[in-house]
Amino acid sequence: MKREVLSDVHSDKLFEQVYDYLLDRIRRGEWKAHDKLPSVRALAAEFGVHRLTVFKAYQWLKQNHKVYVKDKSGYYVQPGSLLPPAAQQDPIVSAYVHESHLSEIHQAEAAYQFSKALIDPNLLPNRYFSEYVKKVFDLYPKVLGTYATTQGDAELREALCRYFAGRYRFDLTPDELLITCGSQEAIDLIARVLVKPRDTVLLERPTYSPAIDVFRRQGAQIVPVEIYPDGYRLDQVEEFMRLYKPRLFYINPTFQNPTGYTVPAEQRKRLVDLAAEHQCLLIEDDPCPDIYFGKEPPPPFFAYDTSGYTIYIRSFSKYVAPGLSIATVACRPGLMNYLIKAKSLSDSGTPLLNQKIFLHYFFSERMQRHLEKLRTALAVRKDIMEEELAGTGWEWRSPEGGFNLWVQLPESTPMEELLVTSRERSITFVPGSICDPLRELKPWIRMSYSFLNERQLREGVRRFVGLYRELSGEK
């Protein structure tokens with residue numbers, strides 16, 4: 001073991017890194033059941049850290065039943081801590097073990113994909129879309145011969161300003177919009193511009209797992225804020241802002257990923273005031289406000305902000321045209337200048353062809369009418385998933401929009417075994433711990449109903465429920 005395996009960025013959480021490193025070696029079978037582990041003194045010397053750091057990691061392993069102690073002898077591997085041999089290289093189990101990397105789950109091929117919160121491609125007007133591709137080449141014959149500006153196509157930014165003003169009454173100019181390659185690029189840019197090592201960042205718990213990875217990479221100290229079906233506990237948020245003086249609060253308040261919860265309007269107004277009072281930026285991620293099953297959700301936080309403390313990320317990737325990967329960031333000029341500079345270091349701008357196709361496709365009358373059909377189709381799929389899960393005894397709250405069910409399984413669920421066997425039977429889902437900044441929520445899973453057609457959805461859920469009952473010994 002070398003000191004280099006530890007990151008200087010996270011030096012205030014060295015014990016977590018020691019824990020992760022030891023747990024990974026145990027799971028992969030480098031130490032077998034009942035093997036004696038290196039002493040606290042030896043590990044501290046090899047890592048170049050204080051002995052208390054290693055002791056704390058060992059205590060955490062003991063609490064989680066990965067090691068046990070023999071009096072005056074040391075630490076030993078607890079039986080059952082190893083991954084099954086077939087699982088040790090499995091991408092889904094690897095993601096679960098390391099509590100991150102949703103992309104590894106998405107890359108795993110399966111017949112029944114409950115892990116992808118994306119639209120079924122067959123629900124999109126694909127033939128109509130292809131007509132607009134041809135139209136764009138007629139309108140802009142030189143579109144492939146040039147780059148867009150770093151900030152994004154001016155024509156698209158002007159159209160988005162009109163759209164936001166008409167729908168939400170945003171007070172925006174085209175110079176206050178940046179076009180990105182999806183929301184994940186936007187989150188990454190914001191983190192690189194705003195977050196330095198040891199800055200405090202508030203994150204919802206649970207939350208969009210790539211956001212956890214991005215802010216951890218920047219060396220942020222993450223403070224989780226619980227989200228409930230009725231929003232946040234604002235007294236807790238206010239206390240955290242006062243106590244920790246966070247740099248920002250990353251939120252996904254509309255049909256939240258993974259829970260599906262929506263923060264009510266009155267809380268949005270109050271949280272905008274709290275952000276201004278405590279000088280904490282709100283990073284509002286809004287990937288699917290059009291996918292509602294009843295009434296339209298409240299306006300975004302940005303609509304209530306008059307002080308410039310909200311950065312609004314609106315993605316159109318998940319339900320308009322995933323292949324174009326278009327998102328926009330709205331913020332005031334002081335912040336925008338830094339975001340543009342950061343993007344210029346990453347690329348030469350979001351592809352101009354994608355922007356022009358999106359411009360003419362999304363704002364067309366036909367596409368706007370099609371959104372109603374999408375809402376109906378996804379509501380049907382949600383109902384099918386809930387119908388098939390109804391007899392399980394599992395718990396969830398039916399979402400009023402979005403793509404996911406956030407499902408609580410029994411505490412006794414053998415999650416690693418469920419992950420391995422599901423993968424073997426061509427089924428994927430997202431384990432809840434990946435969405436948790438605290439690496440807990442073990443019995444929770446996210447199941448997306450948006451990617452499969454109705455027949456596949458019904459069959460896949462039945463297979464998954466049957467598999468669970470088989471593993472848990474239920475009849």
# chains A, B, ... in the order shown; residues from 1 in each chain; ligands from 1

$ residues_around --residues "A:Arg446" --least-positions-apart "4" --cutoff "10 Å" --atoms "only C-alpha atoms" --output "list of chain:residue names"
A:Phe114, A:Ser115, A:Lys116, A:Ala117, A:Asn257, A:Pro258, A:Thr259, A:Phe403, A:Asn404, A:Leu405, A:Trp406, A:Val407, A:Gln408, A:Phe429, A:Val430, A:Pro431, A:Gly432, A:Ile434, A:Cys435

$ closest_atom_pairs --of "stretch 370-451 of chain A" --to "stretch 119-140 of chain A" --cutoff "10 Å" --atoms "only C-alpha atoms" --output "JSON lines"
{"residue": "A:His370", "atom": "CA", "partner": "A:Pro125", "partner_atom": "CA", "distance": 7.9}
{"residue": "A:Leu371", "atom": "CA", "partner": "A:Leu124", "partner_atom": "CA", "distance": 9.4}
{"residue": "A:Lys373", "atom": "CA", "partner": "A:Leu123", "partner_atom": "CA", "distance": 8.6}
{"residue": "A:Leu374", "atom": "CA", "partner": "A:Leu123", "partner_atom": "CA", "distance": 6.9}
{"residue": "A:Ala377", "atom": "CA", "partner": "A:Leu123", "partner_atom": "CA", "distance": 7.9}
{"residue": "A:Leu378", "atom": "CA", "partner": "A:Ile119", "partner_atom": "CA", "distance": 8.7}
{"residue": "A:Phe403", "atom": "CA", "partner": "A:Ile119", "partner_atom": "CA", "distance": 8.2}
{"residue": "A:Ser448", "atom": "CA", "partner": "A:Ile119", "partner_atom": "CA", "distance": 9.7}
{"residue": "A:Tyr449", "atom": "CA", "partner": "A:Ile119", "partner_atom": "CA", "distance": 8.9}
{"residue": "A:Ser450", "atom": "CA", "partner": "A:Ile119", "partner_atom": "CA", "distance": 5.2}
{"residue": "A:Phe451", "atom": "CA", "partner": "A:Asp120", "partner_atom": "CA", "distance": 4.2}

$ write_last_selection --atoms "N, CA, C and O atoms" --output "compact mmCIF listing (two decimals), in the first residue's frame"
# COMPACT_ATOMS: atom_id res chain seq x y z
N HIS A 370 -46.94 17.29 -28.91
CA HIS A 370 -46.52 15.93 -28.61
C HIS A 370 -46.20 15.74 -27.13
O HIS A 370 -46.30 14.61 -26.61
N LEU A 371 -45.86 16.81 -26.43
CA LEU A 371 -45.56 16.70 -25.01
C LEU A 371 -46.74 16.15 -24.23
O LEU A 371 -46.57 15.41 -23.26
N LYS A 373 -48.89 13.97 -25.33
CA LYS A 373 -48.88 12.52 -25.57
C LYS A 373 -47.83 11.84 -24.71
O LYS A 373 -48.05 10.73 -24.20
N LEU A 374 -46.68 12.47 -24.55
CA LEU A 374 -45.62 11.90 -23.70
C LEU A 374 -46.10 11.77 -22.26
O LEU A 374 -45.86 10.75 -21.60
N ALA A 377 -48.45 8.81 -22.03
CA ALA A 377 -47.77 7.52 -22.18
C ALA A 377 -46.97 7.17 -20.93
O ALA A 377 -46.97 6.01 -20.49
N LEU A 378 -46.30 8.15 -20.34
CA LEU A 378 -45.50 7.86 -19.15
C LEU A 378 -46.37 7.64 -17.92
O LEU A 378 -46.02 6.85 -17.03
N PHE A 403 -39.79 10.28 -14.07
CA PHE A 403 -39.49 8.99 -14.69
C PHE A 403 -39.31 7.84 -13.71
O PHE A 403 -39.13 6.70 -14.15
N SER A 448 -36.87 3.00 -12.89
CA SER A 448 -37.38 3.92 -13.90
C SER A 448 -38.37 3.20 -14.80
O SER A 448 -38.09 2.11 -15.29
N TYR A 449 -39.52 3.82 -15.02
CA TYR A 449 -40.57 3.23 -15.85
C TYR A 449 -40.63 3.84 -17.24
O TYR A 449 -41.51 3.51 -18.03
N SER A 450 -39.67 4.69 -17.57
CA SER A 450 -39.78 5.50 -18.78
C SER A 450 -39.15 4.86 -20.02
O SER A 450 -39.48 5.23 -21.14
N PHE A 451 -38.21 3.92 -19.82
CA PHE A 451 -37.38 3.47 -20.94
C PHE A 451 -37.95 2.27 -21.68
O PHE A 451 -37.65 2.07 -22.86

$ closest_residue --among "A:Leu441, A:Ile340, A:Ile427, A:Ala276" --to "A:Glu411" --atoms "only C-alpha atoms"
A:Leu441

$ closest_residue --among "A:Ser344, A:Tyr232, A:Val193, A:Pro437" --to "A:Pro210" --atoms "only C-alpha atoms"
A:Pro437

$ select_by_dssp --residues "stretch 369-470 of chain A" --states "strand (DSSP E)" --output "number ranges by chain"
A: 404-408, 427-428, 430-431, 444-448
